[in-house]
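Just run.cif here, mmCIF, C-alpha atoms:
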data_protein
loop_
_atom_site.label_atom_id
_atom_site.label_comp_id
_atom_site.auth_asym_id
_atom_site.auth_seq_id
_atom_site.Cartn_x
_atom_site.Cartn_y
_atom_site.Cartn_z
CA MET G 1 1.92 -23.82 7.24
CA SER G 2 -1.76 -24.75 6.93
CA ALA G 3 -3.64 -24.95 3.64
CA ASP G 4 -5.59 -21.82 4.60
CA SER G 5 -2.37 -19.92 5.30
CA THR G 6 -0.88 -21.05 2.00
CA ALA G 7 -4.01 -19.97 0.13
CA ALA G 8 -3.90 -16.57 1.86
CA LEU G 9 -0.24 -16.15 0.90
CA VAL G 10 -0.95 -17.01 -2.72
CA THR G 11 -3.94 -14.64 -2.84
CA GLU G 12 -1.91 -11.80 -1.35
CA ALA G 13 0.91 -12.32 -3.85
CA ILE G 14 -1.51 -12.30 -6.78
CA ASP G 15 -3.19 -9.15 -5.55
CA GLN G 16 0.16 -7.39 -5.24
CA VAL G 17 1.15 -8.39 -8.76
CA LEU G 18 -2.11 -7.91 -10.64
CA THR G 19 -4.82 -6.03 -8.81
CA HIS G 20 -3.22 -2.94 -7.23
CA ARG G 21 -4.88 0.18 -8.55
CA GLU G 22 -2.86 3.28 -7.76
CA ARG G 23 -5.75 5.68 -8.26
CA ASN G 24 -8.07 3.78 -5.97
CA CYS G 25 -5.54 2.86 -3.29
CA THR G 26 -6.23 4.21 0.20
CA ASP G 27 -3.59 2.20 2.04
CA PRO G 28 -1.64 4.65 4.26
CA SER G 29 1.44 2.42 3.98
CA CYS G 30 1.42 2.21 0.18
CA ALA G 31 4.59 3.77 -1.20
CA ARG G 32 2.89 4.48 -4.55
CA HIS G 33 0.36 6.96 -3.21
CA ALA G 34 1.46 7.79 0.37
CA GLY G 35 5.22 7.79 -0.12
CA THR G 36 7.31 10.79 -1.06
CA THR G 37 9.91 11.44 -3.72
CA ASP G 38 10.98 14.65 -2.00
CA CYS G 39 14.09 13.22 -0.35
CA PRO G 40 16.52 15.81 1.03
CA PRO G 41 20.06 14.49 1.45
CA ILE G 42 21.08 13.49 4.95
CA THR G 43 24.51 13.58 6.54
CA VAL G 44 25.87 10.04 6.64
CA SER G 45 29.04 8.66 8.20
CA ARG G 46 30.23 5.08 8.61
CA SER G 47 30.35 5.02 12.39
CA PRO G 48 31.83 2.16 14.43
CA GLY G 49 29.32 -0.49 15.47
CA SER G 50 29.40 0.64 19.08
CA VAL G 51 28.51 4.21 18.10
CA LEU G 52 25.71 3.11 15.78
CA GLY G 53 24.30 0.80 18.45
CA GLU G 54 24.27 3.53 21.08
CA ALA G 55 22.68 6.00 18.65
CA VAL G 56 19.90 3.53 17.87
CA ALA G 57 19.25 2.84 21.56
CA GLU G 58 19.19 6.55 22.41
CA ALA G 59 16.82 7.34 19.53
CA TRP G 60 14.44 4.55 20.55
CA HIS G 61 14.33 5.39 24.22
CA ALA G 62 14.05 9.13 23.55
CA ALA G 63 10.95 8.38 21.49
CA GLY G 64 9.42 6.49 24.41
CA GLY G 65 10.00 2.98 23.12
CA SER G 66 10.38 0.02 25.46
CA ARG G 67 10.43 -3.11 23.28
CA LEU G 68 13.68 -4.49 21.88
CA ASP G 69 12.37 -6.25 18.78
CA ILE G 70 11.21 -3.09 17.02
CA PRO G 71 14.44 -1.03 17.01
CA ALA G 72 16.60 -4.12 16.45
CA GLY G 73 14.27 -5.12 13.61
CA VAL G 74 14.54 -1.70 11.99
CA VAL G 75 18.32 -2.05 11.81
CA ALA G 76 18.05 -5.66 10.65
CA ALA G 77 15.68 -4.73 7.81
CA LEU G 78 17.97 -1.89 6.74
CA ALA G 79 20.93 -4.30 6.83
CA LEU G 80 18.97 -6.62 4.51
CA TRP G 81 17.97 -3.84 2.11
CA PRO G 82 18.35 -5.70 -1.19
CA GLN G 83 19.85 -2.90 -3.28
CA LYS G 84 23.64 -3.28 -3.16
CA SER G 85 26.29 -1.36 -5.07
CA PRO G 86 30.09 -1.60 -5.42
CA GLY G 87 31.60 0.22 -2.48
CA ALA G 88 28.06 0.96 -1.27
CA GLU G 89 28.17 3.98 -3.56
CA ALA G 90 24.36 4.16 -3.74
CA ALA G 91 24.00 4.08 0.05
CA ASP G 92 23.64 7.85 0.50
CA THR G 93 20.87 8.11 -2.10
CA ILE G 94 19.00 5.12 -0.68
CA ALA G 95 19.43 6.48 2.86
CA ALA G 96 17.90 9.81 1.86
CA TYR G 97 14.93 8.07 0.24
CA ILE G 98 14.26 5.84 3.25
CA ALA G 99 14.66 8.65 5.78
CA ALA G 100 12.12 10.83 3.96
CA GLN G 101 9.25 8.32 3.97
CA PRO G 102 6.21 8.72 6.26
CA PRO G 103 6.28 6.26 9.17
CA ARG G 104 3.71 3.77 7.86
CA VAL G 105 5.33 3.70 4.44
CA LEU G 106 8.66 3.20 6.16
CA VAL G 107 7.33 0.22 8.13
CA ARG G 108 5.95 -1.37 4.95
CA GLY G 109 9.28 -0.84 3.21
CA LEU G 110 11.18 -2.44 6.08
CA ALA G 111 8.82 -5.42 6.00
CA GLU G 112 9.27 -5.84 2.26
CA SER G 113 13.05 -5.62 2.66
CA ALA G 114 12.93 -8.62 4.98
CA ASP G 115 10.28 -10.46 2.95
CA PHE G 116 12.51 -10.26 -0.13
CA TYR G 117 14.57 -13.06 1.38
CA TRP G 118 11.70 -15.51 1.91
CA GLY G 119 12.05 -16.78 -1.63
CA LEU G 120 15.81 -17.17 -1.26
CA ARG G 121 16.05 -18.76 2.18
CA PRO G 122 12.70 -19.45 3.84
CA ASP G 123 14.40 -21.14 6.80
CA LEU G 124 16.59 -18.13 7.63
CA TRP G 125 13.63 -15.81 7.02
CA THR G 126 11.62 -17.85 9.53
CA ALA G 127 14.45 -17.83 12.07
CA ALA G 128 14.65 -14.04 11.68
CA ARG G 129 10.91 -13.46 12.25
CA PRO G 130 11.25 -12.34 15.90
CA LEU G 131 12.90 -9.24 14.45
CA PHE G 132 10.13 -8.55 11.93
CA ASP G 133 6.78 -9.76 13.28
CA TRP G 134 6.10 -6.25 14.63
CA THR G 135 5.84 -4.94 11.05
CA ARG G 136 2.51 -6.77 10.83
CA GLU G 137 1.10 -5.07 13.92
CA ASP G 138 -1.00 -1.91 14.03
CA LEU G 139 1.65 0.27 15.63
CA ASN G 140 0.63 3.27 17.70
CA ASP G 141 1.91 6.80 17.11
CA THR G 142 4.66 6.49 19.71
CA GLN G 143 5.96 3.29 18.15
CA LEU G 144 5.79 4.76 14.64
CA ALA G 145 7.74 7.82 15.80
CA GLY G 146 10.31 5.49 17.35
CA VAL G 147 10.66 3.49 14.14
CA ARG G 148 11.33 6.65 12.18
CA ALA G 149 13.81 7.96 14.78
CA VAL G 150 15.69 4.67 14.87
CA ALA G 151 15.81 4.40 11.07
CA ARG G 152 17.20 7.90 10.74
CA ALA G 153 19.77 7.32 13.48
CA ALA G 154 20.93 4.06 11.87
CA LEU G 155 21.06 5.64 8.42
CA ARG G 156 22.99 8.69 9.64
CA HIS G 157 25.53 6.42 11.28
CA GLY G 158 26.04 4.36 8.15
CA VAL G 159 24.05 1.13 8.37
CA LEU G 160 23.90 1.03 4.57
CA GLN G 161 27.60 1.80 4.28
CA HIS G 162 28.24 -1.25 6.45
CA THR G 163 25.83 -3.57 4.65
CA GLY G 164 25.15 -2.07 1.21
CA ASP G 165 28.29 -3.23 -0.59
CA THR G 166 28.17 -5.89 -3.29
CA ASP G 167 31.27 -7.47 -1.70
CA PRO G 168 30.28 -9.82 1.15
CA ALA G 169 33.70 -9.32 2.75
CA GLU G 170 32.90 -5.62 3.14
CA ARG G 171 29.47 -6.46 4.56
CA SER G 172 31.17 -8.78 7.06
CA ARG G 173 33.56 -6.30 8.61
CA ILE G 174 31.49 -6.00 11.80
CA ASP G 175 28.69 -7.82 13.60
CA LEU G 176 26.37 -4.83 13.48
CA LEU G 177 23.36 -6.54 15.01
CA SER G 178 25.35 -7.66 18.02
CA TRP G 179 26.26 -4.05 18.76
CA VAL G 180 22.65 -2.94 18.32
CA ILE G 181 21.05 -5.68 20.42
CA THR G 182 23.66 -5.31 23.15
CA SER G 183 23.15 -1.54 23.27
CA LEU G 184 19.39 -1.96 23.52
CA ARG G 185 19.51 -4.41 26.40
CA HIS G 186 19.99 -2.85 29.78
CA HIS G 187 22.55 -4.38 32.12
CA HIS G 188 20.14 -6.54 34.10
CA SER G 189 18.64 -8.26 31.08
CA ARG G 190 22.08 -8.99 29.63
CA ARG G 191 23.18 -10.52 32.93
CA SER G 192 20.03 -12.63 33.27
CA LEU G 193 20.58 -14.14 29.84
CA GLY G 194 24.31 -14.61 30.38
CA GLU G 195 24.73 -12.58 27.19
CA TYR G 196 27.56 -10.15 26.55
CA HIS G 197 29.03 -8.83 23.34
CA THR G 198 32.19 -10.67 22.38
CA PRO G 199 34.73 -8.05 21.24
CA PRO G 200 35.69 -8.49 17.56
CA ASP G 201 39.36 -8.92 18.44
CA ILE G 202 38.48 -11.86 20.69
CA SER G 203 36.25 -13.41 18.03
CA GLU G 204 39.04 -13.12 15.48
CA LEU G 205 41.54 -14.65 17.90
CA LEU G 206 39.21 -17.56 18.63
CA ALA G 207 38.60 -18.08 14.91
CA ALA G 208 42.35 -18.09 14.26
CA VAL G 209 42.94 -20.62 17.06
CA LEU G 210 40.17 -22.88 15.78
CA ALA G 211 41.53 -22.63 12.24
CA ALA G 212 44.99 -23.60 13.49
CA ASP G 213 43.57 -26.55 15.39
CA ASN G 214 41.82 -27.71 12.23
CA GLY G 215 44.88 -27.37 10.03
CA ALA G 216 45.27 -23.85 8.74
CA GLY G 217 47.54 -22.81 5.94
CA GLY G 218 45.78 -24.63 3.14
CA ASN G 219 45.18 -27.91 4.98
CA ARG G 220 41.53 -27.18 5.76
CA ARG G 221 39.15 -29.29 3.74
CA ARG G 222 36.54 -27.59 1.62
CA GLY G 223 33.00 -28.60 2.41
CA GLU G 224 33.59 -29.04 6.13
CA TRP G 225 30.88 -28.17 8.61
CA ALA G 226 31.19 -25.94 11.68
CA LEU G 227 28.79 -25.99 14.62
CA GLU G 228 28.40 -23.22 17.20
CA PRO G 229 26.04 -24.29 20.05
CA ALA G 230 25.98 -20.83 21.68
CA ALA G 231 26.22 -18.64 18.61
CA GLY G 232 24.73 -15.37 19.77
CA THR G 233 24.40 -13.33 16.59
CA GLY G 234 27.17 -15.31 14.90
CA GLY G 235 30.26 -13.22 15.64
CA LEU G 236 32.64 -16.18 15.79
CA PHE G 237 31.52 -17.41 12.38
CA ARG G 238 31.87 -13.89 10.98
CA SER G 239 35.53 -13.91 11.97
CA ALA G 240 36.01 -17.45 10.63
CA ALA G 241 34.41 -16.51 7.30
CA GLN G 242 36.65 -13.46 6.95
CA ASP G 243 39.67 -15.65 7.73
CA LEU G 244 38.64 -18.03 4.95
CA ARG G 245 38.23 -15.14 2.52
CA ARG G 246 41.71 -13.85 3.31
CA ASP G 247 43.03 -17.32 2.45
CA GLY G 248 41.20 -17.26 -0.88
CA GLU G 249 38.39 -19.60 0.11
CA ASP G 250 34.67 -18.93 -0.28
CA PRO G 251 32.80 -19.41 3.03
CA ALA G 252 29.81 -20.58 0.99
CA GLU G 253 31.70 -23.79 0.31
CA ARG G 254 31.51 -24.62 4.02
CA GLY G 255 28.60 -25.58 6.23
CA TRP G 256 27.67 -23.36 9.19
CA ILE G 257 25.20 -24.31 11.91
CA MET G 258 24.45 -21.65 14.52
CA LEU G 259 22.36 -22.62 17.55
CA GLU G 260 21.20 -20.06 20.10
CA LEU G 261 18.86 -20.02 23.08
CA ASP G 262 17.74 -16.39 22.85
CA PRO G 263 15.21 -15.89 19.98
CA LEU G 264 16.28 -12.30 19.32
CA ALA G 265 19.97 -13.21 19.08
CA ALA G 266 19.13 -16.24 16.91
CA ALA G 267 17.11 -13.95 14.64
CA GLY G 268 20.14 -11.66 14.42
CA ALA G 269 22.30 -14.65 13.45
CA ALA G 270 19.86 -15.50 10.65
CA VAL G 271 19.99 -11.95 9.32
CA ASN G 272 23.78 -11.97 9.57
CA ALA G 273 24.01 -15.25 7.67
CA LEU G 274 22.30 -13.48 4.77
CA VAL G 275 24.21 -10.20 5.08
CA TRP G 276 27.57 -11.95 5.38
CA GLU G 277 26.68 -14.37 2.56
CA LEU G 278 27.68 -17.49 4.42
CA GLY G 279 26.06 -19.52 1.69
CA PRO G 280 23.36 -22.12 1.09
CA ARG G 281 24.58 -24.35 3.93
CA ALA G 282 24.31 -21.75 6.69
CA PHE G 283 21.55 -22.63 9.15
CA VAL G 284 20.23 -21.16 12.39
CA GLY G 285 18.33 -22.99 15.10
CA CYS G 286 16.77 -21.53 18.23
CA GLY G 287 16.60 -23.66 21.35
CA ASP G 288 18.41 -25.08 24.34
CA VAL G 289 21.10 -27.46 23.11
CA LEU G 290 21.29 -29.08 26.56
CA ALA G 291 17.58 -29.89 26.61
CA GLN G 292 17.39 -30.55 22.83
CA PRO G 293 20.38 -32.69 21.86
CA ASP G 294 19.00 -33.14 18.35
CA LEU G 295 18.55 -29.41 17.75
CA ALA G 296 21.10 -29.27 14.92
CA GLU G 297 19.53 -32.20 13.07
CA ASP G 298 16.05 -30.80 13.62
CA THR G 299 17.18 -27.42 12.27
CA LEU G 300 18.46 -29.01 9.06
CA ALA G 301 15.29 -31.08 8.65
CA LYS G 302 13.05 -28.03 9.11
CA ALA G 303 15.11 -26.10 6.58
CA ARG G 304 14.56 -28.83 3.98
CA ASP G 305 10.82 -28.86 4.70
CA MET G 306 10.59 -25.08 4.37
CA ALA G 307 12.45 -25.13 1.05
CA ARG G 308 9.99 -27.70 -0.32
CA HIS G 309 7.06 -25.65 0.95
CA ARG G 310 8.51 -22.51 -0.67
CA ASP G 311 8.78 -24.32 -3.98
CA ASP G 312 5.16 -25.51 -3.72
CA VAL G 313 3.91 -22.01 -2.93
CA MET G 314 5.86 -20.46 -5.82
CA LYS G 315 4.37 -23.01 -8.21
CA LEU G 316 0.87 -22.20 -6.96
CA ILE G 317 1.50 -18.47 -7.34
CA GLY G 318 2.83 -18.91 -10.87
CA PHE G 319 -0.13 -21.07 -11.87
CA ALA G 320 -2.68 -18.71 -10.28
CA ILE G 321 -1.17 -15.62 -11.91
CA ALA G 322 -1.09 -17.34 -15.31
CA THR G 323 -4.70 -18.46 -14.93
CA ARG G 324 -5.89 -15.05 -13.80
CA THR G 325 -4.01 -13.31 -16.60
CA THR G 326 -5.60 -15.67 -19.13
CA ASP G 327 -9.05 -14.95 -17.70
CA GLN G 328 -8.46 -11.19 -17.94
CA LEU G 329 -7.28 -11.54 -21.55
CA LEU G 330 -10.37 -13.60 -22.47
CA ASP G 331 -12.63 -11.05 -20.80
CA ALA G 332 -10.96 -8.24 -22.74
CA LEU G 333 -11.27 -10.10 -26.03
CA THR G 334 -14.91 -10.94 -25.36
CA ALA G 335 -15.72 -7.34 -24.46
CA SER G 336 -14.10 -6.08 -27.66
CA ARG G 337 -16.34 -8.17 -29.93
#
Output the file's structure as structure tokens, nothing else.
Amino acid sequence: MSADSTAALVTEAIDQVLTHRERNCTDPSCARHAGTTDCPPITVSRSPGSVLGEAVAEAWHAAGGSRLDIPAGVVAALALWPQKSPGAEAADTIAAYIAAQPPRVLVRGLAESADFYWGLRPDLWTAARPLFDWTREDLNDTQLAGVRAVARAALRHGVLQHTGDTDPAERSRIDLLSWVITSLRHHHSRRSLGEYHTPPDISELLAAVLAADNGAGGNRRRGEWALEPAAGTGGLFRSAAQDLRRDGEDPAERGWIMLELDPLAAAGAAVNALVWELGPRAFVGCGDVLAQPDLAEDTLAKARDMARHRDDVMKLIGFAIATRTTDQLLDALTASR
């Protein structure tokens, strides 16, 4: 990131913390003045991933949408919604709040849901950007209507029930983004990418076979790394992580490297790594492993660089906020004399 971009990021963060004035705000996406607290309950059910995916695709296409990144990004942002509760018991209340918001407020909320994770894992946040860059566009009315329709469809079919639990094992029961992306792609585009959804039973079987080959039954070594050169949205690693949990091991103690050619699928893998809580050594790289033999090493190196950059930016923000607060206090004291 350039110095100008860093300065802009710091300035934006300071403005959000210190200079927002609710009474003077005219931002149509500001939840403080344009949002609503009138949130009627909605009927929610924890549908299977295939049903949720089809509902999202139908809602998007019925609204006249054609892009894939927007509806997939809506579901991804909802999956990342930071408020979690035991058993996802708060999911219905949160779903009603989100569903009631005007479209531009909804888009801002979805963007902030994704941005929450920049400070935690800037590398995964960057890998996931193909799913969220649209939130920074000036969407037209058709696209805004589609965003709202998709959000409501995903909420009604239980996206927050799938991903709103405090227990990562519960959040890892299905590869929700794989179902959504697969449902959104029409048959020709899936075929041209060589991309098909791997059924969960097959993923679990493959994970079990791989675990057996590596010495299952307590012989697996903690701290080992796993590499998937054609990861898709990470379904195989989801099954492997669940297998580890059933054996009493924390997947976060392992290393996971997911490489994928398709940017949208790679973005889904990055989101899933956060939702499934694969841990601090879960990384996602996007590229052609045949043409880029060093892709895994490059992915790890970029992740380290992004973490250092994040730390530098946070220090700048903290210093700037402290300085600005001091200036405001001095101004107030001077004015009171």
So that I can see what lies close to G:Ala88, please list as an mmCIF file with C-alpha atoms, in the coordinates of the input the residues with an atom at most 6 Å from it, counting all atoms listed in the file and leaving out residues fewer than 4 positions away in the same chain.
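out-v8.cif was written with the following content:
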data_model
loop_
_atom_site.group_PDB
_atom_site.id
_atom_site.type_symbol
_atom_site.label_atom_id
_atom_site.label_comp_id
_atom_site.auth_asym_id
_atom_site.auth_seq_id
_atom_site.Cartn_x
_atom_site.Cartn_y
_atom_site.Cartn_z
ATOM 1 C CA GLN G 161 27.600 1.800 4.280
ATOM 2 C CA GLY G 164 25.150 -2.070 1.210
ATOM 3 C CA ASP G 165 28.290 -3.230 -0.590
#
- Task: May I ask which of the residues G:Pro102, G:Gly53, G:Pro168, G:Gly65 is the closest one to G:Ser29, counting all atoms listed in the file?
- Result: G:Pro102
- Task: Using the chain letters and numbering of this document, enumerate as a ChimeraX atom specification the residues selected by the PyMOL selection byres ((chain G and resi 302) around 12).
- Result: /G:121-124,126-127,283-286,295-301,303-309
- Message: Which residues, named as in the file, does the PyMOL selection byres ((chain G and resi 279) around 9) pick out? Answer as number ranges by chain.
- Response: G: 250-256, 273-274, 276-278, 280-282
- What does the distance between atom CA of G:Arg185 and atom CA of G:Ser50 come to in Å, to one decimal place? 13.3 Å
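If you count all atoms listed in the file and draw a sphere of 12 Å around (38.8, -12.8, 5.4), the protein and nucleic acid residues inside it come out as Asp167, Pro168, Ala169, Glu170, Arg171, Ser172, Arg173, Ile174, Glu204, Ala207, Ala208, Phe237, Arg238, Ser239, Ala240, Ala241, Gln242, Asp243, Leu244, Arg245, Arg246, Asp247, Gly248, Glu249, Asp250, Pro251 and Trp276 of chain G.
Note that atom CA of G:Ala99 and atom CA of G:Ala62 are 17.8 Å apart.
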- Tell me which residues the PyMOL selection byres ((chain G and resi 143) around 12) grabs here, as a VMD selection string. chain G and resid 59 to 71 74 103 to 104 107 134 to 135 137 to 142 144 to 150
- Message: Calculated over only C-alpha atoms, which of the candidates G:Ala151, G:Ile98, G:Leu131, G:Ala31 has the smallest distance to G:Val56?
- Response: G:Ala151
Box in all listed atoms of stretch 86-93 of chain G, axis-aligned, with 5 Å more on each side; write out centre and edge lengths in Å to one decimal as AutoDock Vina command-line options.
--center_x 26.2 --center_y 3.3 --center_z -2.5 --size_x 20.7 --size_y 19.7 --size_z 15.9
- May I ask for the distance between atom CA of G:Val44 and atom CA of G:Ile181, given in Å to one decimal place? 21.5 Å
- Find the residue from G:Asp294, G:Asp288, G:Glu260, G:Asp115 that sits nearest to G:Leu80; use only C-alpha atoms when measuring. G:Asp115
- May I ask which of the residues G:Arg310, G:Gln292, G:Val271, G:Val180 is the closest one to G:Pro229, counting all atoms listed in the file? G:Gln292
